[in-house]
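Peer 1: My structure is in query01.txt, and what it holds is compact mmCIF, C-alpha atoms:
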```txt
# COMPACT_ATOMS: atom_id res chain seq x y z
CA MET A 18 -0.02 7.15 132.50
CA LYS A 19 -2.67 4.89 130.93
CA ARG A 20 -6.06 4.62 132.55
CA ILE A 21 -8.02 1.40 132.84
CA LYS A 22 -11.42 0.84 134.43
CA ILE A 23 -12.56 -2.13 136.46
CA PRO A 24 -16.00 -2.76 138.09
CA TRP A 25 -15.92 -2.28 141.84
CA GLY A 26 -17.93 -2.85 145.00
CA ALA A 27 -20.70 -5.39 144.35
CA TRP A 28 -23.94 -4.54 146.21
CA TYR A 29 -22.41 -1.34 147.63
CA GLN A 30 -21.04 0.68 144.71
CA ASP A 31 -21.33 -1.27 141.45
CA GLN A 32 -19.39 1.34 139.53
CA ASP A 33 -16.10 1.67 137.70
CA LEU A 34 -12.84 2.21 139.54
CA GLU A 35 -10.20 3.98 137.43
CA LEU A 36 -6.63 2.75 137.77
CA THR A 37 -3.47 4.16 136.22
CA ILE A 38 -0.57 2.11 134.83
CA PRO A 39 2.65 3.16 133.04
CA GLU A 40 2.08 4.33 129.49
CA SER A 41 4.92 2.19 128.15
CA TRP A 42 3.45 -1.10 129.35
CA GLU A 43 1.83 -3.22 126.65
CA THR A 44 -1.64 -3.65 128.12
CA GLU A 45 -4.39 -6.04 127.01
CA VAL A 46 -7.78 -6.01 128.70
CA PHE A 47 -9.81 -9.22 128.43
CA ASP A 48 -13.48 -9.23 129.28
CA PHE A 49 -16.65 -10.99 128.23
CA LYS A 50 -19.08 -9.51 125.75
CA LYS A 51 -21.71 -7.11 127.08
CA ARG A 52 -25.28 -8.29 126.73
CA PRO A 53 -28.61 -6.52 127.30
CA ALA A 54 -30.40 -7.08 130.58
CA LEU A 55 -33.61 -9.08 130.45
CA SER A 56 -36.88 -7.32 131.16
CA GLU A 57 -39.13 -8.68 133.89
CA ALA A 58 -41.54 -9.81 131.18
CA GLU A 59 -38.77 -11.84 129.53
CA MET A 60 -37.83 -13.42 132.85
CA LYS A 61 -41.46 -14.28 133.51
CA ALA A 62 -41.84 -15.99 130.13
CA ILE A 63 -38.86 -18.23 130.92
CA ILE A 64 -40.15 -19.13 134.39
CA GLN A 65 -43.57 -19.95 132.97
CA ASN A 66 -41.99 -22.30 130.40
CA PRO A 67 -39.54 -24.32 132.48
CA THR A 68 -36.83 -26.72 131.34
CA GLY A 69 -37.24 -30.41 132.17
CA ALA A 70 -40.25 -29.85 134.42
CA PRO A 71 -43.95 -29.00 134.21
CA PRO A 72 -45.06 -25.44 135.01
CA LEU A 73 -45.28 -24.40 138.66
CA ALA A 74 -49.09 -24.64 138.55
CA GLU A 75 -48.86 -28.36 137.83
CA LEU A 76 -45.93 -29.06 140.15
CA THR A 77 -47.55 -27.39 143.16
CA ARG A 78 -50.85 -29.22 142.78
CA GLY A 79 -51.56 -31.10 145.99
CA LYS A 80 -48.78 -29.34 147.89
CA ASN A 81 -49.44 -27.29 151.00
CA LYS A 82 -46.41 -25.23 151.95
CA ALA A 83 -43.71 -23.68 149.76
CA ALA A 84 -40.14 -22.89 150.79
CA ILE A 85 -38.24 -20.40 148.63
CA ILE A 86 -34.52 -20.82 149.24
CA VAL A 87 -32.37 -17.85 148.22
CA ASP A 88 -28.59 -17.43 148.08
CA ASP A 89 -26.97 -14.76 150.27
CA ILE A 90 -25.31 -11.42 149.54
CA SER A 91 -21.87 -12.97 149.03
CA ARG A 92 -23.41 -14.23 145.78
CA PRO A 93 -23.89 -11.59 143.07
CA ALA A 94 -27.23 -12.41 141.41
CA LYS A 95 -30.05 -9.89 141.82
CA THR A 96 -32.73 -12.30 142.96
CA ALA A 97 -35.53 -9.88 143.96
CA PRO A 98 -37.08 -9.62 140.45
CA LEU A 99 -37.05 -13.41 140.09
CA ILE A 100 -38.72 -13.81 143.49
CA ARG A 101 -41.49 -11.39 142.53
CA ILE A 102 -42.32 -13.49 139.49
CA VAL A 103 -42.25 -16.78 141.41
CA LEU A 104 -44.54 -15.30 144.05
CA GLN A 105 -46.98 -14.17 141.35
CA GLU A 106 -47.12 -17.72 140.04
CA LEU A 107 -47.61 -19.20 143.51
CA THR A 108 -50.28 -16.64 144.37
CA LYS A 109 -52.26 -17.70 141.31
CA GLU A 110 -52.28 -21.21 142.78
CA GLY A 111 -53.68 -20.02 146.10
CA TYR A 112 -50.49 -19.64 148.11
CA THR A 113 -50.37 -16.81 150.66
CA ALA A 114 -47.84 -15.46 153.15
CA GLU A 115 -49.21 -18.01 155.62
CA ASN A 116 -47.89 -21.01 153.69
CA ILE A 117 -44.73 -19.56 152.12
CA ALA A 118 -41.38 -19.07 153.88
CA PHE A 119 -38.04 -17.76 152.67
CA PHE A 120 -34.82 -19.52 153.66
CA ILE A 121 -31.48 -17.72 153.30
CA ALA A 122 -28.95 -20.30 152.11
CA SER A 123 -25.89 -18.69 153.63
CA GLY A 124 -23.95 -21.92 154.13
CA ALA A 125 -20.87 -21.09 156.23
CA HIS A 126 -21.08 -17.36 155.51
CA ARG A 127 -22.00 -14.68 158.03
CA ARG A 128 -25.56 -14.15 159.21
CA PRO A 129 -27.39 -11.73 156.89
CA THR A 130 -28.31 -8.21 157.98
CA ARG A 131 -31.53 -6.38 157.15
CA PHE A 132 -29.56 -4.58 154.41
CA ASP A 133 -28.70 -7.95 152.87
CA LEU A 134 -32.25 -9.23 153.05
CA GLU A 135 -33.70 -6.12 151.44
CA LYS A 136 -31.19 -6.36 148.59
CA LYS A 137 -31.72 -10.07 147.96
CA LEU A 138 -35.46 -10.37 148.65
CA GLY A 139 -36.92 -6.91 148.20
CA ARG A 140 -38.69 -4.72 150.76
CA GLU A 141 -42.14 -6.23 150.16
CA ILE A 142 -40.90 -9.71 151.09
CA LEU A 143 -38.93 -8.41 154.04
CA ASP A 144 -42.00 -6.73 155.52
CA ASN A 145 -44.60 -9.43 154.89
CA TYR A 146 -43.15 -12.95 154.86
CA ARG A 147 -41.50 -15.37 157.22
CA ILE A 148 -37.71 -15.32 156.70
CA ILE A 149 -35.49 -18.06 158.14
CA CYS A 150 -31.76 -17.41 158.21
CA HIS A 151 -29.98 -20.75 158.16
CA ASP A 152 -27.66 -21.70 161.03
CA ILE A 153 -24.97 -24.29 160.31
CA TYR A 154 -24.68 -25.23 163.99
CA ASP A 155 -28.26 -25.55 165.19
CA GLY A 156 -31.77 -26.52 164.11
CA LEU A 157 -30.55 -29.43 161.97
CA THR A 158 -31.87 -32.90 161.12
CA TYR A 159 -29.63 -35.80 160.10
CA PHE A 160 -30.77 -37.10 156.72
CA GLY A 161 -28.31 -39.94 156.19
CA LYS A 162 -25.34 -39.93 153.83
CA SER A 163 -24.93 -39.52 150.11
CA SER A 164 -23.58 -42.45 148.07
CA ARG A 165 -20.20 -40.68 148.19
CA GLY A 166 -20.26 -40.64 151.98
CA THR A 167 -21.20 -37.00 152.54
CA PRO A 168 -23.19 -36.64 155.80
CA ILE A 169 -26.44 -34.75 155.25
CA HIS A 170 -27.36 -32.48 158.14
CA ILE A 171 -30.21 -30.38 156.76
CA ASN A 172 -32.10 -27.39 158.12
CA ALA A 173 -34.89 -29.08 160.10
CA GLU A 174 -37.48 -26.37 159.43
CA LEU A 175 -37.04 -26.79 155.67
CA LEU A 176 -38.41 -30.32 155.91
CA ASN A 177 -41.78 -28.92 157.03
CA TYR A 178 -42.30 -27.56 153.52
CA ASP A 179 -43.42 -29.96 150.82
CA PHE A 180 -42.49 -27.78 147.84
CA LYS A 181 -38.98 -26.34 147.60
CA ILE A 182 -37.77 -23.73 145.10
CA GLY A 183 -34.13 -22.60 144.86
CA ILE A 184 -33.33 -19.11 143.55
CA GLY A 185 -29.80 -17.88 142.86
CA GLY A 186 -27.17 -17.37 140.20
CA ILE A 187 -24.85 -19.38 137.97
CA ILE A 188 -21.18 -18.38 137.99
CA PRO A 189 -17.97 -20.45 137.75
CA HIS A 190 -17.04 -22.29 140.94
CA ALA A 191 -13.73 -23.94 141.83
CA GLY A 192 -15.32 -27.08 143.24
CA ALA A 193 -18.72 -27.60 141.68
CA GLY A 194 -17.89 -26.28 138.20
CA PHE A 195 -20.64 -23.70 138.56
CA SER A 196 -22.75 -22.31 141.37
CA GLY A 197 -26.53 -22.60 141.25
CA GLY A 198 -28.81 -25.61 140.99
CA GLY A 199 -28.49 -28.02 143.91
CA LYS A 200 -25.85 -25.89 145.64
CA ILE A 201 -28.71 -23.95 147.19
CA ILE A 202 -29.24 -27.10 149.31
CA MET A 203 -25.68 -28.41 149.67
CA PRO A 204 -23.90 -26.51 151.10
CA GLY A 205 -26.39 -23.63 151.27
CA ILE A 206 -28.83 -25.02 153.81
CA CYS A 207 -26.79 -27.82 155.44
CA GLY A 208 -24.84 -28.12 158.70
CA ILE A 209 -21.17 -27.63 159.50
CA ASP A 210 -20.23 -31.33 159.20
CA SER A 211 -21.85 -31.52 155.77
CA LEU A 212 -20.08 -28.34 154.70
CA GLU A 213 -16.72 -29.61 155.88
CA ALA A 214 -17.05 -32.78 153.82
CA ASN A 215 -18.22 -30.75 150.82
CA HIS A 216 -15.38 -28.21 151.04
CA ARG A 217 -12.38 -30.23 152.16
CA LEU A 218 -11.18 -31.68 148.85
CA VAL A 219 -11.97 -28.42 147.06
CA MET A 220 -9.89 -26.43 149.56
CA GLN A 221 -6.99 -28.80 148.92
CA GLY A 222 -7.38 -28.27 145.18
CA ILE A 223 -8.04 -31.95 144.52
CA THR A 224 -11.48 -31.72 142.92
CA SER A 225 -11.09 -28.23 141.46
CA SER A 226 -12.78 -28.15 138.05
CA ILE A 227 -13.65 -24.59 137.12
CA ASN A 228 -15.82 -24.18 134.01
CA SER A 229 -16.77 -27.85 133.70
CA GLN A 230 -20.50 -28.43 133.80
CA CYS A 231 -20.30 -31.57 135.85
CA ASN A 232 -17.83 -33.27 138.22
CA GLU A 233 -17.88 -35.49 141.31
CA ASN A 234 -18.47 -32.55 143.63
CA ARG A 235 -21.41 -31.36 141.52
CA LEU A 236 -22.88 -34.87 141.31
CA ASP A 237 -22.68 -35.24 145.09
CA ILE A 238 -24.43 -31.87 145.52
CA GLU A 239 -27.21 -32.89 143.15
CA GLU A 240 -27.73 -36.23 144.87
CA VAL A 241 -28.17 -34.47 148.22
CA ALA A 242 -30.55 -31.90 146.71
CA GLU A 243 -32.68 -34.69 145.25
CA LYS A 244 -32.78 -36.56 148.57
CA VAL A 245 -33.88 -33.42 150.40
CA GLY A 246 -36.56 -32.76 147.78
CA LEU A 247 -35.55 -29.67 145.81
CA ASN A 248 -38.39 -29.39 143.27
CA PHE A 249 -37.62 -26.39 141.09
CA ILE A 250 -34.88 -23.82 140.49
CA VAL A 251 -34.71 -20.32 139.04
CA ASN A 252 -31.13 -19.26 138.28
CA ALA A 253 -29.73 -16.10 136.73
CA VAL A 254 -26.68 -15.51 134.56
CA ILE A 255 -25.31 -12.04 135.25
CA GLY A 256 -23.72 -9.26 133.22
CA HIS A 257 -21.08 -6.57 133.79
CA TYR A 258 -22.73 -4.93 136.78
CA ARG A 259 -24.67 -7.98 137.97
CA GLU A 260 -27.69 -7.23 135.79
CA THR A 261 -29.61 -10.36 134.79
CA VAL A 262 -28.74 -11.23 131.18
CA GLY A 263 -30.01 -14.81 131.20
CA VAL A 264 -32.39 -16.98 133.23
CA VAL A 265 -33.09 -20.69 133.44
CA ALA A 266 -35.94 -22.30 135.37
CA GLY A 267 -37.23 -25.80 135.94
CA HIS A 268 -35.79 -29.16 136.97
CA PRO A 269 -32.82 -28.71 139.36
CA VAL A 270 -30.46 -30.67 137.10
CA ALA A 271 -31.84 -30.18 133.59
CA ALA A 272 -32.33 -26.43 133.99
CA HIS A 273 -28.95 -26.05 135.66
CA ARG A 274 -27.21 -27.84 132.78
CA GLU A 275 -28.88 -25.42 130.37
CA GLY A 276 -27.73 -22.54 132.55
CA THR A 277 -24.13 -23.73 132.62
CA ARG A 278 -24.10 -23.97 128.84
CA MET A 279 -25.35 -20.38 128.74
CA ALA A 280 -22.71 -19.33 131.27
CA LEU A 281 -19.93 -21.03 129.30
CA GLU A 282 -20.94 -18.88 126.35
CA TYR A 283 -21.67 -15.62 128.19
CA TYR A 284 -18.59 -15.54 130.44
CA SER A 285 -16.18 -16.63 127.74
CA ILE A 286 -13.30 -14.30 126.81
CA PRO A 287 -11.29 -14.02 123.56
CA PRO A 288 -8.23 -16.23 123.03
CA LEU A 289 -5.00 -15.17 124.69
CA SER A 290 -1.62 -15.43 123.02
CA GLY A 291 1.67 -15.72 124.83
CA MET A 292 2.37 -14.83 128.43
CA ALA A 293 2.65 -11.64 130.44
CA GLN A 294 5.00 -10.33 133.10
CA ILE A 295 2.04 -8.94 135.04
CA GLY A 296 -1.53 -10.18 135.43
CA ILE A 297 -4.20 -8.00 137.05
CA PHE A 298 -7.22 -9.99 138.26
CA ASN A 299 -10.27 -8.23 139.65
CA ALA A 300 -12.51 -10.07 142.13
CA TYR A 301 -15.77 -8.35 141.10
CA PRO A 302 -18.56 -9.42 141.38
CA LYS A 303 -17.31 -11.60 144.28
CA ASP A 304 -15.51 -8.74 145.97
CA THR A 305 -17.55 -8.06 149.10
CA GLU A 306 -15.12 -9.82 151.49
CA LEU A 307 -11.43 -10.71 151.65
CA VAL A 308 -12.37 -14.34 152.32
CA HIS A 309 -13.66 -14.52 148.71
CA ALA A 310 -11.01 -12.34 147.03
CA GLY A 311 -8.97 -15.33 145.87
CA ASN A 312 -11.78 -16.05 143.39
CA ALA A 313 -10.26 -13.29 141.26
CA LEU A 314 -7.85 -15.93 139.97
CA ASN A 315 -10.62 -18.29 138.79
CA VAL A 316 -10.06 -17.31 135.15
CA MET A 317 -6.39 -18.25 135.43
CA ILE A 318 -7.05 -21.49 137.31
CA ALA A 319 -9.37 -22.57 134.49
CA MET A 320 -6.63 -22.26 131.87
CA SER A 321 -4.68 -25.25 130.69
CA GLU A 322 -1.72 -23.08 129.66
CA GLU A 323 0.48 -20.75 131.69
CA LEU A 324 -0.53 -17.11 131.83
CA VAL A 325 2.10 -15.25 133.87
CA LEU A 326 5.80 -15.79 133.25
CA PRO A 327 7.99 -17.36 135.97
CA GLY A 328 9.21 -14.58 138.20
CA GLY A 329 6.28 -12.42 137.15
CA SER A 330 3.68 -10.64 139.24
CA ILE A 331 0.00 -11.18 139.91
CA VAL A 332 -2.19 -8.40 141.25
CA ILE A 333 -5.53 -9.22 142.85
CA THR A 334 -7.84 -6.22 143.11
CA ALA A 335 -10.81 -6.40 145.46
CA ALA A 336 -13.05 -3.80 147.08
CA CYS A 337 -13.76 -5.97 150.18
CA THR A 338 -16.36 -3.42 151.25
CA GLU A 339 -17.24 -5.62 154.24
CA GLY A 340 -13.58 -6.03 155.20
CA ALA A 341 -12.01 -9.40 155.97
CA GLY A 342 -15.36 -11.19 156.06
CA TYR A 343 -16.33 -14.48 157.65
CA HIS A 344 -16.44 -18.15 156.75
CA GLY A 345 -17.35 -20.80 159.30
CA LEU A 346 -14.85 -23.29 157.89
CA VAL A 347 -11.96 -21.15 156.70
CA GLY A 348 -9.67 -19.01 158.84
CA VAL A 349 -7.41 -19.16 161.87
CA ASN A 350 -8.13 -22.22 164.06
CA ARG A 351 -11.17 -23.24 162.03
CA ARG A 352 -11.77 -26.69 160.55
CA LEU A 353 -10.26 -25.90 157.15
CA SER A 354 -7.66 -23.34 158.14
CA PHE A 355 -5.69 -23.60 154.89
CA ARG A 356 -3.57 -20.61 153.99
CA MET A 357 -3.70 -19.50 150.37
CA GLU A 358 -0.18 -20.75 149.69
CA ASP A 359 -1.29 -24.25 150.74
CA LYS A 360 -3.80 -24.46 147.89
CA ALA A 361 -2.51 -26.31 144.85
CA HIS A 362 -2.78 -23.47 142.32
CA PHE A 363 -1.22 -20.87 144.63
CA LYS A 364 1.56 -23.26 145.61
CA LYS A 365 2.42 -23.79 141.95
CA LEU A 366 2.70 -20.04 141.36
CA PHE A 367 4.97 -19.47 144.33
CA GLN A 368 7.18 -22.37 143.25
CA LYS A 369 7.74 -20.56 139.94
CA GLY A 370 8.79 -17.37 141.68
CA VAL A 371 5.57 -15.50 140.91
CA GLU A 372 4.83 -12.79 143.46
CA ILE A 373 1.22 -12.09 144.38
CA TYR A 374 0.03 -8.65 145.45
CA LEU A 375 -3.35 -7.61 146.78
CA TYR A 376 -4.73 -4.13 146.18
CA CYS A 377 -7.51 -3.60 148.70
CA PRO A 378 -8.11 -0.32 150.55
CA ASN A 379 -10.61 -1.81 153.02
CA VAL A 380 -8.48 -4.35 154.91
CA ASN A 381 -5.17 -4.13 156.77
CA ARG A 382 -2.07 -6.30 156.76
CA TYR A 383 -3.24 -8.33 159.76
CA ASP A 384 -6.39 -9.27 157.90
CA VAL A 385 -4.29 -10.42 154.95
CA GLU A 386 -1.80 -12.31 157.11
CA SER A 387 -4.63 -14.37 158.57
CA PHE A 388 -5.18 -15.78 155.06
CA SER A 389 -1.63 -15.77 153.67
CA GLY A 390 1.91 -15.15 154.77
CA LYS A 391 3.14 -14.60 151.22
CA ILE A 392 0.67 -12.21 149.60
CA VAL A 393 1.84 -8.59 149.80
CA HIS A 394 -0.89 -6.10 150.61
CA TYR A 395 -1.21 -2.53 149.31
CA ARG A 396 -3.92 -0.04 150.25
CA HIS A 397 -2.68 2.58 147.78
CA TRP A 398 -2.57 1.84 144.05
CA ASP A 399 0.23 4.31 143.27
CA LEU A 400 2.58 2.63 145.74
CA LEU A 401 1.86 -0.76 144.18
CA MET A 402 2.53 0.59 140.69
CA ASN A 403 5.84 2.07 141.87
CA LYS A 404 6.83 -1.37 143.19
CA LEU A 405 5.90 -3.13 139.92
CA ALA A 406 7.65 -0.50 137.77
CA GLU A 407 10.78 -0.95 139.86
CA LYS A 408 10.58 -4.72 139.48
CA HIS A 409 9.60 -5.03 135.82
CA GLY A 410 10.87 -1.85 134.20
CA SER A 411 9.24 0.07 131.37
CA SER A 412 8.57 -2.65 128.79
CA SER A 413 6.28 -5.09 130.56
CA ARG A 414 3.34 -6.91 129.07
CA VAL A 415 0.18 -6.75 131.20
CA PHE A 416 -3.03 -8.81 131.05
CA VAL A 417 -6.10 -7.34 132.79
CA PHE A 418 -9.19 -9.36 133.73
CA PRO A 419 -11.95 -7.01 134.98
CA HIS A 420 -14.23 -9.90 136.07
CA GLY A 421 -11.59 -12.47 136.99
CA SER A 422 -13.85 -14.36 139.40
CA ILE A 423 -16.41 -15.28 136.72
CA GLN A 424 -14.54 -15.13 133.41
CA ILE A 425 -13.93 -18.31 131.42
CA PRO A 426 -11.06 -18.71 128.92
CA ASN A 427 -12.54 -19.22 125.46
CA GLY A 428 -15.33 -21.35 126.87
CA ARG A 429 -12.88 -24.25 127.09
CA ARG A 430 -13.70 -26.99 129.52
CA VAL A 431 -10.87 -28.06 131.79
CA GLN A 432 -11.75 -31.35 133.42
```
Any chance you could put this one into structure tokens?

Peer 2:
Amino acid sequence: MKRIKIPWGAWYQDQDLELTIPESWETEVFDFKKRPALSEAEMKAIIQNPTGAPPLAELTRGKNKAAIIVDDISRPAKTAPLIRIVLQELTKEGYTAENIAFFIASGAHRRPTRFDLEKKLGREILDNYRIICHDIYDGLTYFGKSSRGTPIHINAELLNYDFKIGIGGIIPHAGAGFSGGGKIIMPGICGIDSLEANHRLVMQGITSSINSQCNENRLDIEEVAEKVGLNFIVNAVIGHYRETVGVVAGHPVAAHREGTRMALEYYSIPPLSGMAQIGIFNAYPKDTELVHAGNALNVMIAMSEELVLPGGSIVITAACTEGAGYHGLVGVNRRLSFRMEDKAHFKKLFQKGVEIYLYCPNVNRYDVESFSGKIVHYRHWDLLMNKLAEKHGSSSRVFVFPHGSIQIPNGRRVQ
């Protein structure tokens, strides 16, 4: 048997998982190039020399209270080092714990635990600063509509702060092209009605535009962020085990555009030729919950050409260390209770006779059935391999994508 390694268990393990596949299968592993992690000094130099904006010292002049808005643990960027640097800059300008608050931009995700907060913010912040965990159902203020008709229900407490900094990561996103930038506001810190409007077309696959820098969904997000008053962002580009390999800081749009150009380069994989009978797509680093496991196919969705032959097999691998997970919009009897086979890209695969399997030891079949009636779940890798060997025989071609949720095919832009 051949042995392949895939990264596994973001935030909980962050280590390789070894899988075995038949020796006779022609196997190609596609991944992005490894890059060195930035030192804290390198990150600081970038933050002190922002893109499209004056330094923080100039921007904060005349301001009284600073809100630092941070993405949650379902997002893979290690934000604690970036927060330390931002706090150092604010402290130099006279800010103290009395006029700084941290907002957790969890959007429709579950409420963060102390474990989450320590990982994302660091113990020093957790013990000494005010931390506000956003609630999509309560504590909201209506802020009008965007020009595209999106209702803006914003965290009311956030509006008490006259300087707003967003800290998170930049990875490919099926709706907004990339995460980061203004997404820390919309949907991160908005209410359920805002989130529904923001997610609906994406869930239906209508506005999906993975690996484009800019689309209607992104423009709507940025308009809302500007209305609410997002002043500054610090966003990371991550490496193989979520280490920070790139940082952008500055104007919420200009710096984000620079970050997406960096991400297009960093997450790009070598050209593929032909098609395979089997595709293995790993959800890391978005593998904490089953609700996000479908992101493993992002690299395939971004391709203009077919990847898996009709009648072939797709394997999604995901640690799902937190189990099935939670999303306030998605799931049984929720507002956007789409099943995976209802999404455009999944529907197309099933129409071509492609079977989709999920390897995940931390959920059960009832968890999987709540998301899809067609995906076949395996908790044991050997049993899944026996099934695929029986189906495809001994001469299959296999493509493996160790970071399927964030990989980009050749840096191509699919509009």

Peer 1: Please, what distance in Å, to one decimal, runs between CA of Leu157 in chain A and CA of Arg128 in chain A?

Peer 2: 16.3 Å

Peer 1: Taking only C-alpha atoms into account, name the residue in A:Val308, A:Val245, A:Ala191, A:Ala272 that is nearest to Met203 in chain A.

Peer 2: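 For Met203 in chain A, the nearest of the given residues is A:Val245.
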
Peer 1: As a ChimeraX atom specification, please: the residues near range 363-379 of chain A (cut-off 10 Å, all atoms listed in the file, same-chain neighbours under 4 positions excluded).

Peer 2: /A:222,294-299,304,306-307,310-311,314,318,323,325-341,356-359,384-385,391-398,400-401,405

Peer 1: Need the shell around range 231-235 of chain A: protein/DNA/RNA residues with any atom at most 7 Å away, counting all atoms listed in the file. Skip same-chain ones fewer than 6 positions apart. Format as a PDB file with C-alpha atoms, in the coordinates of the input?

Peer 2:
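The resulting file, result33.pdb, is reproduced below:
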```pdb
ATOM      1  CA  GLY A 192     -15.320 -27.080 143.240  1.00  0.00           C
ATOM      2  CA  ALA A 193     -18.720 -27.600 141.680  1.00  0.00           C
ATOM      3  CA  GLY A 194     -17.890 -26.280 138.200  1.00  0.00           C
TER       4      GLY A 194
END
```

Peer 1: What's around range 419-429 of chain A at 6 Å? Count only C-alpha atoms, leave out sequence neighbours fewer than 4 positions away in its own chain, and write the answer as a PyMOL selection string.

Peer 2: chain A and resi 23+188-189+281+284-288+298-301+312-316

Peer 1: Please indicate the distance in Å from CA of Ala406 in chain A to CA of Glu40 in chain A, rounded to one decimal place.

Peer 2: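 Spanning CA of Ala406 in chain A to CA of Glu40 in chain A is a straight-line distance of 11.1 Å.
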
Peer 1: A:Ser196, A:Leu324, A:His216, A:Pro72: which is nearest Asn248 in chain A, counting all atoms listed in the file?

Peer 2: A:Pro72

Peer 1: Please produce, as a tab-separated table, a per-residue contact table for range 231-310 of chain A versus range 164-181 of chain A (criterion: any atom at most 10 Å away, all atoms listed in the file considered), showing the nearest atom pair and its distance in Å to one decimal, sorted by chain then residue number.

Peer 2:
```
residue	atom	partner	partner_atom	distance
A:Glu233	CA	A:Arg165	CA	8.9
A:Asn234	CA	A:Arg165	CA	9.5
A:Leu236	CA	A:Arg165	CA	9.4
A:Asp237	CA	A:Arg165	CA	6.7
A:Ile238	CA	A:Thr167	CA	9.3
A:Glu240	CA	A:Ser164	CA	8.1
A:Val241	CA	A:Ile169	CA	7.2
A:Ala242	CA	A:Ile169	CA	9.9
A:Lys244	CA	A:Ile169	CA	9.4
A:Val245	CA	A:Leu176	CA	7.8
A:Gly246	CA	A:Lys181	CA	6.9
A:Leu247	CA	A:Lys181	CA	5.1
A:Asn248	CA	A:Lys181	CA	5.3
A:Phe249	CA	A:Lys181	CA	6.7
A:Ile250	CA	A:Lys181	CA	8.6
```

Peer 1: Distance CA of Thr305 in chain A-CA of Tyr29 in chain A, one decimal place?

Peer 2: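 Computing the Euclidean distance for CA of Thr305 in chain A and CA of Tyr29 in chain A yields 8.4 Å.
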
Peer 1: I'd like the contact shell of Ala54 in chain A - 8 Å cut-off, all atoms listed in the file, skipping same-chain residues fewer than 6 positions apart - returned as a PyMOL selection string.

Peer 2: chain A and resi 256+260-263

Peer 1: Using only C-alpha atoms, tabulate the residues of range 151-268 of chain A lying at most 10 Å from any atom of range 87-105 of chain A, each with its closest atom pair and that distance in Å to one decimal, by chain and increasing residue number, as JSON lines.

Peer 2:
```
{"residue": "A:Ile182", "atom": "CA", "partner": "A:Val87", "partner_atom": "CA", "distance": 8.6}
{"residue": "A:Gly183", "atom": "CA", "partner": "A:Val87", "partner_atom": "CA", "distance": 6.1}
{"residue": "A:Ile184", "atom": "CA", "partner": "A:Val87", "partner_atom": "CA", "distance": 4.9}
{"residue": "A:Gly185", "atom": "CA", "partner": "A:Asp88", "partner_atom": "CA", "distance": 5.4}
{"residue": "A:Gly186", "atom": "CA", "partner": "A:Ala94", "partner_atom": "CA", "distance": 5.1}
{"residue": "A:Ile187", "atom": "CA", "partner": "A:Ala94", "partner_atom": "CA", "distance": 8.1}
{"residue": "A:Ile188", "atom": "CA", "partner": "A:Pro93", "partner_atom": "CA", "distance": 8.9}
{"residue": "A:Ser196", "atom": "CA", "partner": "A:Arg92", "partner_atom": "CA", "distance": 9.2}
{"residue": "A:Gly197", "atom": "CA", "partner": "A:Asp88", "partner_atom": "CA", "distance": 8.8}
{"residue": "A:Lys200", "atom": "CA", "partner": "A:Asp88", "partner_atom": "CA", "distance": 9.2}
{"residue": "A:Ile201", "atom": "CA", "partner": "A:Asp88", "partner_atom": "CA", "distance": 6.6}
{"residue": "A:Ile202", "atom": "CA", "partner": "A:Asp88", "partner_atom": "CA", "distance": 9.8}
{"residue": "A:Gly205", "atom": "CA", "partner": "A:Asp88", "partner_atom": "CA", "distance": 7.3}
{"residue": "A:Ile206", "atom": "CA", "partner": "A:Asp88", "partner_atom": "CA", "distance": 9.5}
{"residue": "A:Val251", "atom": "CA", "partner": "A:Leu99", "partner_atom": "CA", "distance": 7.4}
{"residue": "A:Asn252", "atom": "CA", "partner": "A:Ala94", "partner_atom": "CA", "distance": 8.5}
{"residue": "A:Ala253", "atom": "CA", "partner": "A:Ala94", "partner_atom": "CA", "distance": 6.5}
{"residue": "A:Val254", "atom": "CA", "partner": "A:Ala94", "partner_atom": "CA", "distance": 7.5}
{"residue": "A:Ile255", "atom": "CA", "partner": "A:Ala94", "partner_atom": "CA", "distance": 6.5}
{"residue": "A:Gly256", "atom": "CA", "partner": "A:Ala94", "partner_atom": "CA", "distance": 9.5}
{"residue": "A:Tyr258", "atom": "CA", "partner": "A:Pro93", "partner_atom": "CA", "distance": 9.2}
{"residue": "A:Arg259", "atom": "CA", "partner": "A:Ala94", "partner_atom": "CA", "distance": 6.2}
{"residue": "A:Glu260", "atom": "CA", "partner": "A:Lys95", "partner_atom": "CA", "distance": 7.0}
{"residue": "A:Thr261", "atom": "CA", "partner": "A:Lys95", "partner_atom": "CA", "distance": 7.1}
{"residue": "A:Val264", "atom": "CA", "partner": "A:Leu99", "partner_atom": "CA", "distance": 9.0}
```

Peer 1: Enumerate, as a tab-separated table (two decimals) with C-alpha atoms, keeping the file's coordinate frame, the protein, DNA and RNA residues whose atoms approach (-32.4, -30.9, 137.8) to within 9 Å, taking into account only C-alpha atoms and the coordinate frame of the file.

Peer 2:
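Once everything was written out, this is selection00.tsv:
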```
chain	number	residue	atom	x	y	z
A	68	THR	CA	-36.83	-26.72	131.34
A	69	GLY	CA	-37.24	-30.41	132.17
A	70	ALA	CA	-40.25	-29.85	134.42
A	198	GLY	CA	-28.81	-25.61	140.99
A	199	GLY	CA	-28.49	-28.02	143.91
A	239	GLU	CA	-27.21	-32.89	143.15
A	243	GLU	CA	-32.68	-34.69	145.25
A	247	LEU	CA	-35.55	-29.67	145.81
A	248	ASN	CA	-38.39	-29.39	143.27
A	249	PHE	CA	-37.62	-26.39	141.09
A	250	ILE	CA	-34.88	-23.82	140.49
A	267	GLY	CA	-37.23	-25.80	135.94
A	268	HIS	CA	-35.79	-29.16	136.97
A	269	PRO	CA	-32.82	-28.71	139.36
A	270	VAL	CA	-30.46	-30.67	137.10
A	271	ALA	CA	-31.84	-30.18	133.59
A	272	ALA	CA	-32.33	-26.43	133.99
A	273	HIS	CA	-28.95	-26.05	135.66
A	274	ARG	CA	-27.21	-27.84	132.78
```
